[in-house]
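Have a look at the structure below, then the notes.
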Amino acid sequence: MEDTHTLNDGDLVLELPSDIRSIEHAVDFVMRRCHRCCEAAQRLNLNFRVGLTEALSNAMLYGNSHDPSKRVRVEVAFQRGSLHARVTDQGQGFDPTQVPDPTVPENLAKAGGRGLFLMRELLDEVSFNDRGNQVTLVLRLDSGGGLEGGIQA
Amino acid sequence: MGFQVSQNGDVTLVEVEGQLIVGNRQELKQQVLEQLDGGDKKFVIDFSHTGYIDSSGLGVLVSLSKKIREQGGELRLSSLNEDLRTLFELTKLDTLFRITDTKEQALEGF
């Protein structure tokens, strides 16, 4: 992990190499910081953790095509009861509307294709920039029931 | 974090400790395929000590299950906590696997 610095209390920016071995450590680091800001919440532990892992995986594997010279930028902020994570890669981007549903019978037995689906299921908001190389994840922590159980998004 | 492999009769039990994610999925795949190449056909992967699984982890389970079935074997999963079970239900992968509450149940009658 490189180039880590704090913006404000609770806000965080990371610049990562495109190395999938760095994902777990980066996510753990972010989660520790989030727990300081947001207190323990099960939705944080599962929904945000898995969603952020998926975003980083997609950025490194598909966005940056495993190119170790390309970087992934992660920005995390806690704003008005919501946790926001923006993940940007240096790839060409993709069209998120063209990703097939992994739960239909013809795709169910495929090994891949569940990352974006899980992000959309687990986070309250998932949005992309026009180029398709930046995803923003939002997890609301102050909505009814949101603090108690995992999933629910 | 790692994988503990043991034999229970003719069943290979793999216990996932920590996470099953993009960074370690190949390690699990390699360990199971080595056992499969060695003639093992019955596999249980146990998640009693697993924190979370991402889509890559789910994908490697799908891939392994297919390869094991192609060799005439079976892969069963056990001890998914509530969050992990919900991930399987969301992705409908609970319909692809035999999932038991405990590893003992998975081993019974295999």
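Please note that chains go A, B, ... in the order of the structure tokens, that every chain numbers its residues from 1, and that ligands are numbered from 1 in the order shown.
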
Polymer residues at most 10 Å from Arg131 (chain A), only C-alpha atoms, same-chain spacing of 4 or more positions, as a PyMOL selection string: chain A and resi 91-95

- prompt: Could you name the residues that touch region 49-58 of chain A at 9 Å or less, counting only C-alpha atoms, but leaving out those on the same chain fewer than 4 positions away, as a PyMOL selection string?
  reply: (chain A and resi 18+20+23-24+26-28+30-31+43-45+62-64+72+74+85-89+114-116+118-123+135-137) or (chain B and resi 21-22+52-56)

Go ahead and dump the residues you just picked, C-alpha atoms, as a short mmCIF file (atom, residue, chain, number, x, y, z; two decimals), in the first residue's frame.
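Done, and the output landed in selection-v2.cif:
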```
data_model
loop_
_atom_site.label_atom_id
_atom_site.label_comp_id
_atom_site.auth_asym_id
_atom_site.auth_seq_id
_atom_site.Cartn_x
_atom_site.Cartn_y
_atom_site.Cartn_z
CA SER A 18 -2.76 -3.34 -9.54
CA ILE A 20 -4.72 -8.44 -6.13
CA ILE A 23 -6.75 -6.00 -1.81
CA GLU A 24 -7.26 -7.76 1.50
CA ALA A 26 -6.28 -2.38 1.76
CA VAL A 27 -9.84 -3.39 2.63
CA ASP A 28 -8.83 -4.29 6.19
CA VAL A 30 -10.25 0.92 5.28
CA MET A 31 -12.50 -1.15 7.52
CA ARG A 43 -23.72 -4.08 7.34
CA LEU A 44 -20.33 -2.47 7.40
CA ASN A 45 -18.62 -5.77 8.09
CA TYR A 62 -10.54 -5.77 -15.68
CA GLY A 63 -10.01 -2.01 -15.52
CA ASN A 64 -6.22 -2.06 -15.33
CA VAL A 72 -6.15 2.16 -8.41
CA VAL A 74 -9.64 4.62 -3.44
CA ALA A 85 -16.24 4.80 -1.48
CA ARG A 86 -15.02 5.89 -4.90
CA VAL A 87 -12.71 3.51 -6.77
CA THR A 88 -10.97 4.71 -9.93
CA ASP A 89 -8.78 2.69 -12.26
CA ARG A 114 -20.92 -11.87 -10.00
CA GLY A 115 -18.86 -8.89 -8.86
CA LEU A 116 -21.05 -6.06 -10.09
CA LEU A 118 -22.96 -8.34 -5.55
CA MET A 119 -22.04 -4.66 -5.38
CA ARG A 120 -25.55 -3.72 -6.48
CA GLU A 121 -27.14 -6.15 -4.05
CA LEU A 122 -25.04 -5.19 -1.05
CA LEU A 123 -24.72 -1.41 -1.38
CA VAL A 135 -17.44 3.38 -9.40
CA THR A 136 -18.96 5.03 -6.37
CA LEU A 137 -20.44 2.91 -3.62
CA ILE B 21 -11.34 -13.88 -1.93
CA VAL B 22 -9.61 -12.88 -5.12
CA TYR B 52 -16.27 -13.50 4.15
CA ILE B 53 -16.31 -14.62 0.54
CA ASP B 54 -16.24 -12.40 -2.52
CA SER B 55 -17.40 -13.13 -6.07
CA SER B 56 -14.01 -14.60 -6.98
#
```

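Excluding region 100-105 of chain A itself and any same-chain residue fewer than 4 positions from it, the protein and nucleic acid residues within 7 Å of it, counting only C-alpha atoms, are Gly113 and Arg114 of chain A; Thr91 and Lys92 of chain B.
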
Could you write out that same residue set with N, CA and C atoms as a PDB file, in the first residue's frame?
```pdb
ATOM      1  N   GLY A 113     -18.458 -13.227 -13.200  1.00  0.00           N
ATOM      2  CA  GLY A 113     -19.576 -12.357 -13.540  1.00  0.00           C
ATOM      3  C   GLY A 113     -20.481 -11.969 -12.391  1.00  0.00           C
ATOM      4  N   ARG A 114     -20.042 -12.186 -11.146  1.00  0.00           N
ATOM      5  CA  ARG A 114     -20.917 -11.870 -10.005  1.00  0.00           C
ATOM      6  C   ARG A 114     -20.490 -10.616  -9.243  1.00  0.00           C
TER       7      ARG A 114
ATOM      8  N   THR B  91     -27.020 -14.914  -4.919  1.00  0.00           N
ATOM      9  CA  THR B  91     -26.460 -15.304  -6.218  1.00  0.00           C
ATOM     10  C   THR B  91     -27.092 -16.590  -6.752  1.00  0.00           C
ATOM     11  N   LYS B  92     -28.009 -17.156  -5.980  1.00  0.00           N
ATOM     12  CA  LYS B  92     -28.697 -18.408  -6.317  1.00  0.00           C
ATOM     13  C   LYS B  92     -27.749 -19.598  -6.391  1.00  0.00           C
TER      14      LYS B  92
END
```

- request: Considering only C-alpha atoms, extract the chain B residues located within 10 Å of chain A and return them as a PyMOL selection string.
  value: chain B and resi 19+21-24+51-66+82-84+86-87+89-93+95-96

query: Could you write out, as a PyMOL selection string, all the residues of chain B that DSSP marks as alpha helix (DSSP H)?
result: chain B and resi 25-37+55-70+82-90+103-107

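Here the strand (DSSP E or B) residues in region 5-119 of chain A, by DSSP on the backbone, are His5, Thr6, Leu12, Val13, Leu14, Glu15, Leu16, Pro17, Arg71, Val72, Arg73, Val74, Glu75, Val76, Ala77, Phe78, Gln79, Ser82, Leu83, His84, Ala85, Arg86, Val87 and Thr88 of chain A.
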
Selected residues written out with N, CA and C atoms, as a short mmCIF file (atom, residue, chain, number, x, y, z; two decimals), in the first residue's frame:
```
data_model
loop_
_atom_site.label_atom_id
_atom_site.label_comp_id
_atom_site.auth_asym_id
_atom_site.auth_seq_id
_atom_site.Cartn_x
_atom_site.Cartn_y
_atom_site.Cartn_z
N HIS A 5 -2.82 8.97 2.83
CA HIS A 5 -2.89 10.15 3.68
C HIS A 5 -4.33 10.44 4.06
N THR A 6 -4.49 11.09 5.15
CA THR A 6 -5.83 11.39 5.64
C THR A 6 -6.25 12.76 5.14
N LEU A 12 -10.48 9.23 3.70
CA LEU A 12 -9.26 8.49 3.43
C LEU A 12 -9.01 8.38 1.94
N VAL A 13 -7.74 8.46 1.54
CA VAL A 13 -7.37 8.24 0.14
C VAL A 13 -6.23 7.24 0.10
N LEU A 14 -6.38 6.23 -0.76
CA LEU A 14 -5.32 5.24 -0.97
C LEU A 14 -5.00 5.19 -2.46
N GLU A 15 -3.74 5.00 -2.77
CA GLU A 15 -3.32 4.71 -4.14
C GLU A 15 -2.67 3.33 -4.12
N LEU A 16 -3.23 2.40 -4.87
CA LEU A 16 -2.77 1.01 -4.82
C LEU A 16 -2.20 0.59 -6.17
N PRO A 17 -1.20 -0.29 -6.15
CA PRO A 17 -0.77 -0.92 -7.40
C PRO A 17 -1.82 -1.93 -7.82
N ARG A 71 -2.43 2.19 -11.57
CA ARG A 71 -2.82 2.35 -10.18
C ARG A 71 -4.34 2.34 -10.01
N VAL A 72 -4.74 2.06 -8.79
CA VAL A 72 -6.15 2.16 -8.41
C VAL A 72 -6.25 3.14 -7.26
N ARG A 73 -7.12 4.12 -7.42
CA ARG A 73 -7.30 5.14 -6.38
C ARG A 73 -8.58 4.84 -5.61
N VAL A 74 -8.49 4.87 -4.31
CA VAL A 74 -9.64 4.62 -3.44
C VAL A 74 -9.85 5.84 -2.56
N GLU A 75 -11.05 6.37 -2.60
CA GLU A 75 -11.39 7.50 -1.73
C GLU A 75 -12.59 7.10 -0.88
N VAL A 76 -12.46 7.23 0.41
CA VAL A 76 -13.53 6.83 1.32
C VAL A 76 -13.89 8.03 2.19
N ALA A 77 -15.17 8.30 2.29
CA ALA A 77 -15.62 9.42 3.10
C ALA A 77 -16.89 9.06 3.84
N PHE A 78 -17.03 9.57 5.03
CA PHE A 78 -18.24 9.39 5.83
C PHE A 78 -18.99 10.71 5.80
N GLN A 79 -20.18 10.68 5.20
CA GLN A 79 -20.94 11.92 5.03
C GLN A 79 -22.38 11.73 5.46
N SER A 82 -23.79 8.30 5.88
CA SER A 82 -23.52 7.36 4.79
C SER A 82 -22.02 7.23 4.58
N LEU A 83 -21.65 6.04 4.17
CA LEU A 83 -20.26 5.76 3.85
C LEU A 83 -20.12 5.73 2.33
N HIS A 84 -19.20 6.52 1.81
CA HIS A 84 -19.01 6.63 0.36
C HIS A 84 -17.61 6.12 0.02
N ALA A 85 -17.54 5.27 -0.99
CA ALA A 85 -16.24 4.80 -1.48
C ALA A 85 -16.20 5.00 -2.99
N ARG A 86 -15.19 5.68 -3.46
CA ARG A 86 -15.02 5.89 -4.90
C ARG A 86 -13.73 5.19 -5.32
N VAL A 87 -13.84 4.30 -6.29
CA VAL A 87 -12.71 3.51 -6.77
C VAL A 87 -12.49 3.83 -8.24
N THR A 88 -11.28 4.27 -8.56
CA THR A 88 -10.97 4.71 -9.93
C THR A 88 -9.77 3.94 -10.45
#
```

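Near region 40-46 of chain B, within a cut-off of 7 Å and counting only C-alpha atoms, sit the residues Asp10, Val11, Thr12, Leu13, Val14, Glu15, Val16, Gln35, Ile68, Gly72, Gly73, Glu74, Leu75, Arg76, Leu77, Ser78, Ser79, Lys103 and Ala106 of chain B, with same-chain residues fewer than 5 positions away left out.
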
Could you please take those selected residues and save N, CA and C atoms as a compact mmCIF listing (two decimals), in the first residue's frame?
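File out.txt, as written:
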```
# COMPACT_ATOMS: atom_id res chain seq x y z
N ASP B 10 -12.72 -41.58 2.94
CA ASP B 10 -12.44 -41.24 1.54
C ASP B 10 -12.90 -39.82 1.17
N VAL B 11 -13.21 -39.05 2.20
CA VAL B 11 -13.65 -37.67 1.95
C VAL B 11 -12.52 -36.70 2.30
N THR B 12 -12.27 -35.78 1.38
CA THR B 12 -11.28 -34.73 1.62
C THR B 12 -12.00 -33.52 2.21
N LEU B 13 -11.57 -33.12 3.40
CA LEU B 13 -12.17 -31.97 4.08
C LEU B 13 -11.21 -30.79 3.99
N VAL B 14 -11.70 -29.69 3.46
CA VAL B 14 -10.90 -28.47 3.37
C VAL B 14 -11.57 -27.40 4.23
N GLU B 15 -10.85 -26.91 5.21
CA GLU B 15 -11.40 -25.87 6.09
C GLU B 15 -10.77 -24.53 5.72
N VAL B 16 -11.63 -23.57 5.44
CA VAL B 16 -11.20 -22.24 5.01
C VAL B 16 -11.06 -21.34 6.23
N GLN B 35 -5.66 -32.79 -5.02
CA GLN B 35 -6.34 -33.94 -4.42
C GLN B 35 -7.16 -34.69 -5.46
N ILE B 68 -14.98 -31.35 -10.26
CA ILE B 68 -15.16 -32.56 -9.45
C ILE B 68 -16.28 -33.42 -10.02
N GLY B 72 -16.70 -37.46 -11.74
CA GLY B 72 -17.61 -38.38 -11.07
C GLY B 72 -17.71 -38.18 -9.58
N GLY B 73 -17.25 -37.06 -9.09
CA GLY B 73 -17.27 -36.79 -7.66
C GLY B 73 -18.30 -35.75 -7.26
N GLU B 74 -18.19 -35.30 -6.01
CA GLU B 74 -19.14 -34.30 -5.50
C GLU B 74 -18.44 -33.36 -4.53
N LEU B 75 -18.83 -32.11 -4.57
CA LEU B 75 -18.36 -31.11 -3.62
C LEU B 75 -19.53 -30.66 -2.77
N ARG B 76 -19.37 -30.78 -1.46
CA ARG B 76 -20.38 -30.26 -0.54
C ARG B 76 -19.78 -29.11 0.27
N LEU B 77 -20.64 -28.21 0.69
CA LEU B 77 -20.22 -27.06 1.49
C LEU B 77 -20.88 -27.15 2.86
N SER B 78 -20.17 -26.69 3.88
CA SER B 78 -20.75 -26.76 5.23
C SER B 78 -20.42 -25.52 6.05
N SER B 79 -21.27 -25.31 7.05
CA SER B 79 -21.04 -24.33 8.12
C SER B 79 -20.98 -22.88 7.61
N LYS B 103 -20.01 -29.62 9.33
CA LYS B 103 -19.18 -30.50 8.50
C LYS B 103 -19.51 -31.96 8.77
N ALA B 106 -22.20 -32.91 6.55
CA ALA B 106 -21.72 -33.06 5.17
C ALA B 106 -21.01 -34.39 4.99
```

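If you measure from each of B:Gly38, B:Asn81, B:His49, B:Asp94 to Phe3 (chain B) using only C-alpha atoms, the closest one turns out to be B:His49.
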
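Of the residues listed (A:Gly81, A:Leu139, A:Pro68, A:Phe128), A:Phe128 shows the shortest atom-to-atom separation from Pro96 (chain A); distances use only C-alpha atoms.
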
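The gap separating CA of Glu108 (chain B) from CA of Asn8 (chain B) is 10.5 Å, in Å to one decimal.
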
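Take CA of His25 (chain A) and CA of Val32 (chain B): the distance between them is 25.1 Å.
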
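CA of Met60 (chain A) is positioned 26.8 Å from CA of Lys67 (chain B).
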